[in-house]
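Asks: Following this message is one structure expressed as structure tokens.
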Amino acid sequence: MVLNLLNNSLKFTPPGGKIEIRTKSEGRFIGVYVKDAGIGMDPGETKKIFAKFYQVKSLKDEALKKQGWGLGLAIANEIIRLHKGQIGAQSQGPGKGSTFWFKIPIK
Ligand SMILES: Nc1ncnc2c1ncn2[C@@H]1O[C@H](COP(=O)(O)OP(=O)(O)O)[C@@H](O)[C@H]1O
Ligand SMILES: [Mg+2]
């Protein structure tokens, strides 16, 4: 899960951009947050990207597009569902970075 989100942040953040990873204890859950200074997305797309094969509309860089199939987050979403957790993404808009997070219950 962590590598999946980190690989995306590395892929969609220009060289030299900052990427932060944080973990937080949140009641019966542990939360993991991956925040980047990358290409971001329209806030209306932060749910769609978890669907199979979806790549954001503002992703114009053909080389970057071809580096993926749009399956990673769909698989991550399924893994989190099986762990009875939650997953999500936030962005203020294209060019404004993104934060991806997931929470899983502590046994
Ligand atoms: N950190 C990120 N910053 C900006 N866009 C992202 C980020 N992570 C994912 N995306 C968008 O969500 C889409 C789906 O991600 P993913 O399922 O991992 O597919 P892939 O990496 O194969 O394109 C990506 O194509 C991209 O448009
Ligand atoms: Mg990916």
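All residue names refer to the structure tokens as shown: chains lettered A, B, ... in order, residues numbered from 1 in each chain, ligands numbered from 1 in order.
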Give me, as a PyMOL selection string, the set of residues whose atoms come within 7 Å of any atom of ligand 2, counting only C-alpha atoms and all ligand atoms.

Replies: chain A and resi 4+7-8+68+70-73

Asks: Show me which residues line ligand 1, defined as having an atom within 8 Å of a ligand atom where only C-alpha atoms and all ligand atoms count, and present them as an MDAnalysis selection string.

Replies: chainID A and resid 4:13 35:36 38:41 49:59 64:75 97:100

Asks: Using only C-alpha atoms, pick whichever of A:Gly93, A:Gly16, A:Ala63, A:Trp101 has the shortest atom-to-atom distance to Asn77 in chain A.

Replies: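 Smallest separation from Asn77 in chain A among the options: A:Trp101.
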
Asks: Out of range 28-72 of chain A, which residues get strand (DSSP E) from DSSP, as a list in words?

Replies: Phe29, Ile30, Gly31, Val32, Tyr33, Val34, Lys35 and Asp36 of chain A

Asks: Now that the selection is made, can you save its residues with C-alpha atoms as a short mmCIF file (atom, residue, chain, number, x, y, z; two decimals), in the first residue's frame?

Replies:
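Final output, saved to out_39.cif:
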```cif
data_model
loop_
_atom_site.label_atom_id
_atom_site.label_comp_id
_atom_site.auth_asym_id
_atom_site.auth_seq_id
_atom_site.Cartn_x
_atom_site.Cartn_y
_atom_site.Cartn_z
CA PHE A 29 -7.26 2.88 13.20
CA ILE A 30 -3.80 3.66 11.97
CA GLY A 31 -3.71 6.35 9.31
CA VAL A 32 -1.01 6.73 6.68
CA TYR A 33 -0.73 10.00 4.71
CA VAL A 34 1.40 10.55 1.60
CA LYS A 35 1.53 14.20 0.61
CA ASP A 36 3.26 15.41 -2.53
#
```

Asks: Please indicate the distance in Å from CA of Lys47 in chain A to CA of Ala89 in chain A, rounded to one decimal place.

Replies: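 Computing it gives 7.3 Å between the two atoms.
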
Asks: Compare A:Glu62, A:Ile106, A:Gly88, A:Ile19 by their minimum atom-to-atom distance to Lys48 in chain A, counting only C-alpha atoms, and give me the closest one.

Replies: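 Among A:Glu62, A:Ile106, A:Gly88, A:Ile19, it is A:Gly88 that comes nearest to Lys48 in chain A.
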
Asks: Can you work out the spacing between CA of Gly95 in chain A and CA of Asp61 in chain A in Å, to one decimal?

Replies: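 Separation of CA of Gly95 in chain A and CA of Asp61 in chain A: 13.1 Å.
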
Asks: Of the candidates A:Lys96, A:Lys60, A:Lys24, A:Lys103, which one gets nearest to Ile80 in chain A if we count only C-alpha atoms?

Replies: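 Of A:Lys96, A:Lys60, A:Lys24, A:Lys103, the one nearest Ile80 in chain A, counting only C-alpha atoms, is A:Lys103.
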
Asks: Running DSSP on the backbone, which parts of chain A land in alpha helix (DSSP H), as a PyMOL selection string?

Replies: chain A and resi 2-11+62-66+72-82

Asks: Save the residues we just selected, N, CA and C atoms, as a short mmCIF file (atom, residue, chain, number, x, y, z; two decimals), in the first residue's frame?

Replies:
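Written file, selection.cif:
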```cif
data_model
loop_
_atom_site.label_atom_id
_atom_site.label_comp_id
_atom_site.auth_asym_id
_atom_site.auth_seq_id
_atom_site.Cartn_x
_atom_site.Cartn_y
_atom_site.Cartn_z
N VAL A 2 1.84 1.28 0.94
CA VAL A 2 2.70 2.46 1.06
C VAL A 2 3.52 2.65 -0.21
N LEU A 3 4.07 1.57 -0.71
CA LEU A 3 4.91 1.68 -1.92
C LEU A 3 4.07 2.11 -3.11
N ASN A 4 2.86 1.61 -3.19
CA ASN A 4 1.95 1.98 -4.27
C ASN A 4 1.74 3.51 -4.27
N LEU A 5 1.41 4.07 -3.10
CA LEU A 5 1.15 5.51 -3.02
C LEU A 5 2.43 6.32 -3.23
N LEU A 6 3.53 5.83 -2.65
CA LEU A 6 4.81 6.55 -2.82
C LEU A 6 5.27 6.54 -4.28
N ASN A 7 5.09 5.41 -4.94
CA ASN A 7 5.48 5.33 -6.36
C ASN A 7 4.68 6.32 -7.20
N ASN A 8 3.39 6.46 -6.90
CA ASN A 8 2.58 7.45 -7.61
C ASN A 8 3.10 8.86 -7.34
N SER A 9 3.35 9.17 -6.07
CA SER A 9 3.84 10.52 -5.73
C SER A 9 5.16 10.81 -6.45
N LEU A 10 6.03 9.82 -6.50
CA LEU A 10 7.32 10.02 -7.20
C LEU A 10 7.08 10.25 -8.69
N LYS A 11 6.15 9.48 -9.24
CA LYS A 11 5.89 9.56 -10.68
C LYS A 11 5.25 10.90 -11.06
N GLU A 62 2.14 12.49 -22.15
CA GLU A 62 1.91 11.15 -22.72
C GLU A 62 2.87 10.11 -22.16
N ALA A 63 4.12 10.54 -21.91
CA ALA A 63 5.11 9.60 -21.38
C ALA A 63 4.67 9.10 -20.00
N LEU A 64 4.16 10.02 -19.18
CA LEU A 64 3.69 9.64 -17.84
C LEU A 64 2.48 8.73 -17.93
N LYS A 65 1.57 9.05 -18.85
CA LYS A 65 0.36 8.24 -19.03
C LYS A 65 0.73 6.80 -19.33
N LYS A 66 1.70 6.67 -20.24
CA LYS A 66 2.07 5.33 -20.69
C LYS A 66 2.85 4.55 -19.64
N GLY A 72 -3.36 0.65 -10.36
CA GLY A 72 -2.75 0.61 -9.02
C GLY A 72 -3.72 1.00 -7.91
N LEU A 73 -4.40 2.12 -8.08
CA LEU A 73 -5.30 2.60 -7.02
C LEU A 73 -6.56 1.75 -6.90
N ALA A 74 -7.00 1.16 -8.02
CA ALA A 74 -8.17 0.26 -7.97
C ALA A 74 -7.82 -0.97 -7.14
N ILE A 75 -6.61 -1.47 -7.30
CA ILE A 75 -6.16 -2.63 -6.52
C ILE A 75 -5.99 -2.23 -5.05
N ALA A 76 -5.38 -1.07 -4.82
CA ALA A 76 -5.20 -0.56 -3.45
C ALA A 76 -6.55 -0.43 -2.75
N ASN A 77 -7.52 0.08 -3.47
CA ASN A 77 -8.88 0.26 -2.92
C ASN A 77 -9.48 -1.08 -2.50
N GLU A 78 -9.26 -2.09 -3.30
CA GLU A 78 -9.78 -3.43 -3.01
C GLU A 78 -9.06 -4.03 -1.78
N ILE A 79 -7.76 -3.83 -1.70
CA ILE A 79 -7.00 -4.36 -0.55
C ILE A 79 -7.51 -3.70 0.74
N ILE A 80 -7.72 -2.38 0.68
CA ILE A 80 -8.20 -1.65 1.86
C ILE A 80 -9.62 -2.10 2.24
N ARG A 81 -10.44 -2.34 1.23
CA ARG A 81 -11.80 -2.82 1.50
C ARG A 81 -11.75 -4.16 2.25
N LEU A 82 -10.86 -5.05 1.82
CA LEU A 82 -10.74 -6.36 2.45
C LEU A 82 -10.22 -6.25 3.89
#
```

Asks: Can you tell me how far CA of Ser25 in chain A sits from CA of Ile104 in chain A, in Å to one decimal?

Replies: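 Interatomic distance here is 10.2 Å.
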
Asks: Using only C-alpha atoms, which of A:Ser91, A:His83, A:Phe102, A:Ala37 sits nearest Pro15 in chain A?

Replies: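 Under the stated criterion, the closest residue is A:Ala37.
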
Asks: With distances taken over only C-alpha atoms, which of A:Thr46, A:Pro14, A:Arg28, A:Thr23 is nearest to Lys84 in chain A?

Replies: A:Arg28
